[in-house]
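K.L.:
What follows is a structure written as structure tokens; I'll ask about it next.
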Amino acid sequence: MKKIILKNQPIFRARIIGIILIIIGAVFLINPTSLNIKISFVSIFIGIFTIVMINEKSISKKISDAQAQGNVYTIKTILKDIGLEGNAIFLPKTNHLTEERILIPPSNKGVVKIPKQIQDNTFFLIGEDGKNFGISIPPSGLKLLNEIDKNGDLKNTEIENINEKLQIFVGMNLLKSVSVDKQKNGWSLEVNKPIFGNNGYNIDRQYPSPICSAIIIALTRLFNNKIRIYDVTQKGDKITFTLNFIKQRTKQEV
Amino acid sequence: MQLSEKITLCLAAWMIIVLFITSDVELEIFFILILIGLIVIKEVSNQFSVKALKFKMNVFILFLLLTFFVLIARRIINIVTIS
């Protein structure tokens, strides 16, 4: 079983092709004419290049989708059970928060109030008067973004270069295209064909799928501001998030 | 197809083209064309690449540069010796 799985890996095929090319290159070196040296160099170089460059293991898309869906499904069930209906608000790092979090308010009606003292271990947000302000949880895409952006390049990016920086998601085959544009009421995030399938999780306003979530966290880091998912629409493979800074909607913080 | 696979295929195609068009010219031109191809592929894929991939490509570019310098140095030594 393990051997069958290994044979399906690109790394296995790359190694076989690489070794064959290196052997061919070595054979051409037996008679070292100018042309043979060139053929040999090309063969050995491509062989080594293939082995070194293609060395990432992959798993079936169905398996990776199932893993990601499990997390989102759990959170969605909790939200449904405790009756929270508000759209997600992405909170940036603060003195109290070491990582970005999502706040899900009870509803979208009225003024959204965000407690100032949200900490890493805060889950239920209850006001001094006992009022429910929703819950604060880690976003699904946080670990994904930390893995992609290990050096924190996104945080130091100029706003005009954000579209260029986000192309790393395309490079990792996580989606087909991504773009962010300034709109009248905030920002519009357009995501094309994210690898999570069209199963409804991508167009979630409360707890978006890891890929969409990772992109919104990246924007939160860049703007260092609270970002609220105002609306999500889907046309074919294209998903559009309408995002706005929470300060535009909040009258006062408690 | 992963980005690393696309890069490898592009480079392989470029190297085969270079091999055909430089089959009867000197090694220096062959190496410089491969080097240029690799640098162009690196630049084009730069914004899509993660740091590890960029590092690996830089290593190959450095190796080709070194090979090219060695060939140039040998040529210079030949010229100096003959003159």
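Every chain in the structure tokens takes a letter, A first, then B, and so on in the order presented; its residues are numbered from 1, and the ligands are numbered from 1 following the presented order.
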How would you write, as number ranges by chain, the set of residues in segment 26-154 of chain A that DSSP gives as strand (DSSP E or B)?
P.N.:
A: 89-91, 101-104, 124-126, 132-137
K.L.:
Deliver the residues from the most recent selection as a file, using N, CA and C atoms, as a PDB file, in the first residue's frame.
P.N.:
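Now in result.pdb:
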```pdb
ATOM      1  N   ILE A  89     -15.735  39.374  11.490  1.00  0.00           N
ATOM      2  CA  ILE A  89     -14.878  40.562  11.563  1.00  0.00           C
ATOM      3  C   ILE A  89     -13.464  40.060  11.877  1.00  0.00           C
ATOM      4  N   PHE A  90     -12.535  40.343  10.998  1.00  0.00           N
ATOM      5  CA  PHE A  90     -11.146  39.906  11.212  1.00  0.00           C
ATOM      6  C   PHE A  90     -10.422  40.943  12.055  1.00  0.00           C
ATOM      7  N   LEU A  91      -9.886  40.493  13.183  1.00  0.00           N
ATOM      8  CA  LEU A  91      -9.205  41.406  14.105  1.00  0.00           C
ATOM      9  C   LEU A  91      -7.688  41.282  13.919  1.00  0.00           C
ATOM     10  N   ARG A 101      -7.558  37.158  14.906  1.00  0.00           N
ATOM     11  CA  ARG A 101      -8.736  36.340  15.265  1.00  0.00           C
ATOM     12  C   ARG A 101      -9.951  36.802  14.488  1.00  0.00           C
ATOM     13  N   ILE A 102     -10.964  35.970  14.512  1.00  0.00           N
ATOM     14  CA  ILE A 102     -12.246  36.336  13.906  1.00  0.00           C
ATOM     15  C   ILE A 102     -13.240  36.581  15.026  1.00  0.00           C
ATOM     16  N   LEU A 103     -13.970  37.682  14.910  1.00  0.00           N
ATOM     17  CA  LEU A 103     -15.056  37.927  15.854  1.00  0.00           C
ATOM     18  C   LEU A 103     -16.357  37.715  15.095  1.00  0.00           C
ATOM     19  N   ILE A 104     -17.231  36.920  15.671  1.00  0.00           N
ATOM     20  CA  ILE A 104     -18.536  36.725  15.037  1.00  0.00           C
ATOM     21  C   ILE A 104     -19.607  37.276  15.972  1.00  0.00           C
ATOM     22  N   PHE A 124     -15.874  33.390  24.516  1.00  0.00           N
ATOM     23  CA  PHE A 124     -17.169  34.081  24.587  1.00  0.00           C
ATOM     24  C   PHE A 124     -16.930  35.533  24.972  1.00  0.00           C
ATOM     25  N   LEU A 125     -17.539  36.440  24.249  1.00  0.00           N
ATOM     26  CA  LEU A 125     -17.371  37.863  24.545  1.00  0.00           C
ATOM     27  C   LEU A 125     -18.628  38.361  25.268  1.00  0.00           C
ATOM     28  N   ILE A 126     -18.491  38.518  26.572  1.00  0.00           N
ATOM     29  CA  ILE A 126     -19.625  38.964  27.383  1.00  0.00           C
ATOM     30  C   ILE A 126     -19.283  40.337  27.959  1.00  0.00           C
ATOM     31  N   ASN A 132     -24.282  39.758  25.291  1.00  0.00           N
ATOM     32  CA  ASN A 132     -23.504  38.862  24.421  1.00  0.00           C
ATOM     33  C   ASN A 132     -22.962  39.638  23.218  1.00  0.00           C
ATOM     34  N   PHE A 133     -21.633  39.648  23.065  1.00  0.00           N
ATOM     35  CA  PHE A 133     -21.020  40.316  21.913  1.00  0.00           C
ATOM     36  C   PHE A 133     -20.546  39.314  20.855  1.00  0.00           C
ATOM     37  N   GLY A 134     -20.858  38.060  21.069  1.00  0.00           N
ATOM     38  CA  GLY A 134     -20.462  37.045  20.092  1.00  0.00           C
ATOM     39  C   GLY A 134     -19.278  36.229  20.574  1.00  0.00           C
ATOM     40  N   ILE A 135     -18.554  35.654  19.639  1.00  0.00           N
ATOM     41  CA  ILE A 135     -17.378  34.852  20.010  1.00  0.00           C
ATOM     42  C   ILE A 135     -16.157  35.302  19.223  1.00  0.00           C
ATOM     43  N   SER A 136     -15.010  34.973  19.776  1.00  0.00           N
ATOM     44  CA  SER A 136     -13.741  35.287  19.104  1.00  0.00           C
ATOM     45  C   SER A 136     -12.976  33.974  18.940  1.00  0.00           C
ATOM     46  N   ILE A 137     -12.664  33.634  17.693  1.00  0.00           N
ATOM     47  CA  ILE A 137     -11.971  32.362  17.419  1.00  0.00           C
ATOM     48  C   ILE A 137     -10.848  32.573  16.403  1.00  0.00           C
TER      49      ILE A 137
END
```
K.L.:
Just the residues within 8 Å of segment 64-70 of chain B, please, counting only C-alpha atoms, with nothing from its chain fewer than 2 positions along; format it as number ranges by chain.
P.N.:
B: 28, 31-32, 35, 60-62, 72-74
K.L.:
Nearest to Ala218 of chain A: which of A:Gly130, A:Pro92, A:Gly70, A:Gly18 is it, counting only C-alpha atoms?
P.N.:
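Between A:Gly130, A:Pro92, A:Gly70, A:Gly18, the residue approaching Ala218 of chain A most closely is A:Pro92.
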K.L.:
Return the single residue from A:Tyr207, A:Gly171, A:Thr94, A:Pro115 that is closest to Ile78 of chain A, with distances computed using only C-alpha atoms.
P.N.:
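Going through A:Tyr207, A:Gly171, A:Thr94, A:Pro115 one by one, the smallest distance to Ile78 of chain A is for A:Tyr207.
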K.L.:
Hey, list the chain A side of the contact with chain B: 8 Å cut-off, only C-alpha atoms, answer as a ChimeraX atom specification.
P.N.:
/A:34-35,38-39,42,46,49-50,52-54,148,164-165,167-173
K.L.:
Using Å and a single decimal, report how far atom CA of Cys212 of chain A sits from atom CA of Tyr73 of chain A.
P.N.:
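Answer for the atom CA of Tyr73 of chain A to atom CA of Cys212 of chain A separation: 15.4 Å.
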K.L.:
Please compute the atom CA of Leu38 of chain B-atom CA of Ile77 of chain B distance, one decimal, in Å.
P.N.:
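Atom CA of Leu38 of chain B sits 27.6 Å away from atom CA of Ile77 of chain B.
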K.L.:
Report the distance between atom CA of Pro210 of chain A and atom CA of Val111 of chain A in Å, rounded to one decimal place.
P.N.:
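Straight-line distance from atom CA of Pro210 of chain A to atom CA of Val111 of chain A works out to 27.7 Å.
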K.L.:
Neighbours of Ile37 of chain A within 9 Å (only C-alpha atoms; same-chain residues fewer than 4 positions away dropped), as a list of chain:residue names?
P.N.:
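So the residues in contact are A:Gly25, A:Phe28, A:Leu29, A:Asn31, A:Pro32, A:Thr33, A:Phe41, A:Val42, B:Leu27.
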